[in-house]
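See below for work.txt, which holds compact mmCIF, C-alpha atoms.
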```
# COMPACT_ATOMS: atom_id res chain seq x y z
CA MET A 12 -12.88 13.85 -1.79
CA ASN A 13 -12.28 10.13 -2.20
CA ARG A 14 -10.83 9.96 -5.72
CA VAL A 15 -7.22 10.97 -6.21
CA ASN A 16 -5.21 10.93 -9.40
CA SER A 17 -1.97 12.64 -8.39
CA ILE A 18 -0.12 13.41 -5.15
CA ARG A 19 2.97 15.34 -4.12
CA VAL A 20 4.53 14.51 -0.76
CA GLU A 21 6.81 17.31 0.34
CA THR A 22 7.95 15.97 3.72
CA GLY A 23 7.60 12.85 5.78
CA ALA A 24 6.00 9.53 4.99
CA TRP A 25 2.28 8.79 4.92
CA VAL A 26 0.10 5.71 5.00
CA CYS A 27 -3.05 6.01 2.93
CA PHE A 28 -6.06 3.69 2.84
CA ASP A 29 -8.63 3.08 0.14
CA HIS A 30 -11.47 3.33 2.71
CA PRO A 31 -12.38 5.92 5.37
CA ASP A 32 -11.39 5.51 9.02
CA PHE A 33 -7.97 4.01 8.16
CA LYS A 34 -9.42 0.78 6.77
CA GLY A 35 -8.83 -1.23 3.62
CA GLN A 36 -5.79 -1.58 1.43
CA GLN A 37 -2.77 0.40 2.60
CA TYR A 38 -0.36 2.45 0.48
CA ILE A 39 2.82 4.15 1.56
CA LEU A 40 3.71 7.55 0.18
CA GLU A 41 7.19 8.88 0.83
CA LYS A 42 8.70 12.17 -0.32
CA GLY A 43 8.20 12.58 -4.05
CA GLU A 44 5.64 12.98 -6.81
CA TYR A 45 3.05 10.43 -7.84
CA PRO A 46 1.50 11.60 -11.15
CA GLU A 47 -1.01 8.72 -11.33
CA PHE A 48 -2.44 6.24 -8.84
CA GLN A 49 -0.51 3.28 -10.29
CA ARG A 50 2.73 4.91 -9.04
CA TRP A 51 1.76 4.30 -5.42
CA ASN A 52 0.79 0.67 -6.15
CA ALA A 53 -2.96 1.33 -6.13
CA HIS A 54 -5.50 -0.67 -8.13
CA ASN A 55 -7.83 2.31 -8.51
CA ASP A 56 -8.04 6.03 -7.73
CA HIS A 57 -9.97 5.66 -4.45
CA MET A 58 -8.41 7.09 -1.31
CA GLY A 59 -10.50 7.25 1.82
CA SER A 60 -8.06 8.34 4.53
CA CYS A 61 -4.40 9.19 5.20
CA LYS A 62 -2.19 9.73 8.23
CA PRO A 63 1.50 10.45 8.81
CA ILE A 64 3.74 7.55 9.75
CA LYS A 65 5.26 8.07 13.18
CA MET A 66 9.02 8.19 12.86
CA HIS A 67 11.14 8.69 15.94
CA GLY A 68 14.67 8.44 14.56
CA GLU A 69 16.85 6.12 12.55
CA GLN A 70 17.10 2.93 14.63
CA TYR A 71 15.35 -0.01 12.92
CA ARG A 72 14.76 -3.43 14.46
CA MET A 73 11.97 -5.99 14.33
CA GLU A 74 11.35 -9.60 15.34
CA LEU A 75 9.28 -11.81 13.06
CA PHE A 76 7.46 -14.90 14.35
CA GLU A 77 5.95 -17.73 12.34
CA GLU A 78 3.22 -18.37 14.93
CA PRO A 79 0.66 -16.09 16.67
CA ASN A 80 1.41 -14.45 20.02
CA PHE A 81 5.18 -14.28 19.45
CA THR A 82 5.78 -18.03 19.32
CA GLY A 83 7.43 -20.37 16.85
CA GLN A 84 10.52 -19.68 14.79
CA CYS A 85 11.81 -16.12 15.23
CA VAL A 86 14.03 -13.99 12.99
CA GLU A 87 15.36 -10.50 13.75
CA LEU A 88 15.67 -7.86 11.00
CA CYS A 89 17.53 -4.55 11.05
CA ASP A 90 17.59 -3.93 7.31
CA ASP A 91 15.53 -4.42 4.15
CA CYS A 92 14.79 -7.99 3.04
CA PRO A 93 13.64 -8.55 -0.58
CA PHE A 94 12.91 -12.26 0.01
CA LEU A 95 11.98 -13.28 3.54
CA GLN A 96 12.69 -16.99 3.12
CA SER A 97 16.38 -16.14 2.66
CA THR A 98 16.49 -15.23 6.39
CA GLY A 99 15.70 -18.74 7.57
CA ILE A 100 11.93 -18.35 7.94
CA SER A 101 10.67 -21.66 6.56
CA GLN A 102 7.23 -20.47 5.47
CA ASN A 103 5.74 -17.46 3.68
CA CYS A 104 3.73 -16.80 6.81
CA LEU A 105 4.29 -14.28 9.58
CA ASN A 106 1.72 -14.51 12.31
CA SER A 107 3.17 -12.02 14.80
CA VAL A 108 5.71 -9.19 14.79
CA LYS A 109 7.44 -6.96 17.34
CA VAL A 110 8.70 -3.61 16.04
CA TYR A 111 11.39 -2.00 18.18
CA GLY A 112 13.50 1.09 17.74
CA ASP A 113 12.55 4.27 16.01
CA GLY A 114 11.60 3.40 12.46
CA ALA A 115 8.55 2.04 10.68
CA TRP A 116 8.47 -0.87 8.23
CA VAL A 117 6.50 -1.94 5.15
CA MET A 118 5.68 -5.63 4.74
CA TYR A 119 4.70 -6.95 1.28
CA GLU A 120 2.82 -10.10 0.27
CA GLU A 121 5.21 -10.76 -2.63
CA PRO A 122 9.01 -10.85 -3.00
CA ASN A 123 10.95 -7.75 -4.09
CA TYR A 124 8.59 -5.28 -2.39
CA ARG A 125 5.54 -5.98 -4.53
CA GLY A 126 1.91 -6.75 -3.90
CA ARG A 127 -0.35 -5.71 -1.06
CA MET A 128 1.50 -3.80 1.63
CA TYR A 129 1.14 -3.28 5.37
CA ILE A 130 2.79 -0.48 7.34
CA LEU A 131 3.95 -1.31 10.88
CA GLU A 132 5.09 1.27 13.39
CA ARG A 133 6.70 0.62 16.78
CA GLY A 134 4.63 -1.87 18.77
CA ASN A 135 3.63 -5.51 19.19
CA TYR A 136 1.35 -7.26 16.69
CA GLY A 137 0.24 -10.62 18.11
CA SER A 138 -1.68 -11.61 14.98
CA PHE A 139 -1.65 -10.68 11.28
CA MET A 140 -5.16 -9.26 11.78
CA GLU A 141 -3.66 -6.55 14.00
CA TRP A 142 -1.90 -5.06 10.94
CA GLN A 143 -5.16 -5.43 8.98
CA ALA A 144 -4.04 -8.33 6.80
CA GLU A 145 -6.45 -10.91 5.43
CA ASN A 146 -3.82 -13.65 5.72
CA PRO A 147 -0.30 -14.09 7.15
CA ASN A 148 1.49 -14.27 3.77
CA ILE A 149 4.49 -11.92 3.84
CA GLN A 150 7.47 -12.36 1.51
CA SER A 151 9.46 -9.08 1.65
CA ILE A 152 10.02 -6.23 4.12
CA ARG A 153 11.66 -2.82 3.87
CA LYS A 154 12.30 0.17 6.13
CA VAL A 155 10.34 3.38 5.71
CA VAL A 156 12.90 6.07 5.03
CA ASN A 157 11.61 9.42 6.20
CA TYR A 158 13.01 12.49 4.44
CA PHE A 159 12.27 15.63 6.47
```

Could you rewrite the structure in this file as structure tokens?
Amino acid sequence: MNRVNSIRVETGAWVCFDHPDFKGQQYILEKGEYPEFQRWNAHNDHMGSCKPIKMHGEQYRMELFEEPNFTGQCVELCDDCPFLQSTGISQNCLNSVKVYGDGAWVMYEEPNYRGRMYILERGNYGSFMEWQAENPNIQSIRKVVNYF
């Protein structure tokens, strides 16, 4: 089955992809009902793979770097950020990220949590390609809130 028109998530948070093998555009699905594909920010009804987002607790922290390999200007986040440039990052570009703590994050290409999204779990991402982005443009970030 690769076409999906409605989803109900009863527990946890999931990252879904529009291609098999966890490739392609990412979508986050948290607890709730999604009666049509537009509700989870999809452009069509294709869904090729899904997996649960690893959540270890409630501690959220990440470091954002303007340059690859954790260089350049750095900003630390512990909470949602609807417009990344308000934190002091001078560009719309994030080229590397370190995710600490227990929680996962969603990064968006547009302000106010809109546009293409990328889900990052605990770990180090030395390049935007490591979170499967086509470019380093990120303008908003929010925590994944897991409701078990």

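For the choices A:Gly35, A:Gly99, A:Gly43, A:Pro79, the atom-to-atom distance to Gly137 (chain A) is smallest for A:Pro79 when using only C-alpha atoms.
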
Rounded to one decimal place, report the CA of Trp142 (chain A)-CA of Arg19 (chain A) distance in Å.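 Going from CA of Trp142 (chain A) over to CA of Arg19 (chain A), I get 25.8 Å.
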
Select all residues near (-13.0, 9.7, 1.3) (cut-off 12 Å, inclusive, file coordinates), counting all atoms listed in the file, and output them as a PyMOL selection string. chain A and resi 12-15+27-35+56-61

Could you tell me, as a short mmCIF file (atom, residue, chain, number, x, y, z; two decimals) with C-alpha atoms, in the frame of the given file, which residues have any atom at most 12 Å from (4.8, -8.7, -5.5), counting only C-alpha atoms?
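The result, written out as part.cif:
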```cif
data_model
loop_
_atom_site.label_atom_id
_atom_site.label_comp_id
_atom_site.auth_asym_id
_atom_site.auth_seq_id
_atom_site.Cartn_x
_atom_site.Cartn_y
_atom_site.Cartn_z
CA ASN A 52 0.79 0.67 -6.15
CA PRO A 93 13.64 -8.55 -0.58
CA PHE A 94 12.91 -12.26 0.01
CA MET A 118 5.68 -5.63 4.74
CA TYR A 119 4.70 -6.95 1.28
CA GLU A 120 2.82 -10.10 0.27
CA GLU A 121 5.21 -10.76 -2.63
CA PRO A 122 9.01 -10.85 -3.00
CA ASN A 123 10.95 -7.75 -4.09
CA TYR A 124 8.59 -5.28 -2.39
CA ARG A 125 5.54 -5.98 -4.53
CA GLY A 126 1.91 -6.75 -3.90
CA ARG A 127 -0.35 -5.71 -1.06
CA MET A 128 1.50 -3.80 1.63
CA ASN A 148 1.49 -14.27 3.77
CA ILE A 149 4.49 -11.92 3.84
CA GLN A 150 7.47 -12.36 1.51
CA SER A 151 9.46 -9.08 1.65
CA ILE A 152 10.02 -6.23 4.12
#
```

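Atom pair CA of Ser101 (chain A) / CA of Pro147 (chain A) has a distance of 13.3 Å (rounded to one decimal).
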
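Remark: for Glu69 (chain A), the closest of the candidate residues A:Tyr111, A:Leu40, A:Thr98, A:Glu141 is A:Tyr111 (distances computed over all atoms listed in the file).
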
One decimal place gives the CA of Val26 (chain A)-CA of Ile130 (chain A) separation as 7.1 Å

Of the residues A:Gln49, A:Ser107, A:Ser97, A:Gln102, which is the one nearest to Leu131 (chain A), using all atoms listed in the file? A:Ser107

From the set A:Thr82, A:Gln96, A:Gln143, A:Gln70, which residue has the shortest atom-to-atom contact distance to Val156 (chain A), counting only C-alpha atoms? A:Gln70

Find the spatial neighbours of Glu87 (chain A), counting all atoms listed in the file, within a cut-off of 10 Å - ignore same-chain residues fewer than 2 positions away - and output them as JSON, numbers by chain. {"A": [72, 73, 74, 75, 76, 85, 89, 90, 98, 108, 109, 110]}

Could you check the closest approach to Arg133 (chain A) for each of A:Cys92, A:Met66, A:Val86, A:Cys104 and tell me which residue wins, using only C-alpha atoms?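 Of all the options, A:Met66 lies closest to Arg133 (chain A).
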
Find the residues near Arg153 (chain A): any atom within 6 Å, counting all atoms listed in the file, skip ones fewer than 6 places away on the same chain, and give them as a list in words. Asp91, Trp116 and Val117 of chain A

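Minimum atom-to-atom distance to Asn135 (chain A), evaluated using only C-alpha atoms, belongs to A:Asn80 out of A:Phe48, A:Asn80, A:Trp25, A:Ile100.
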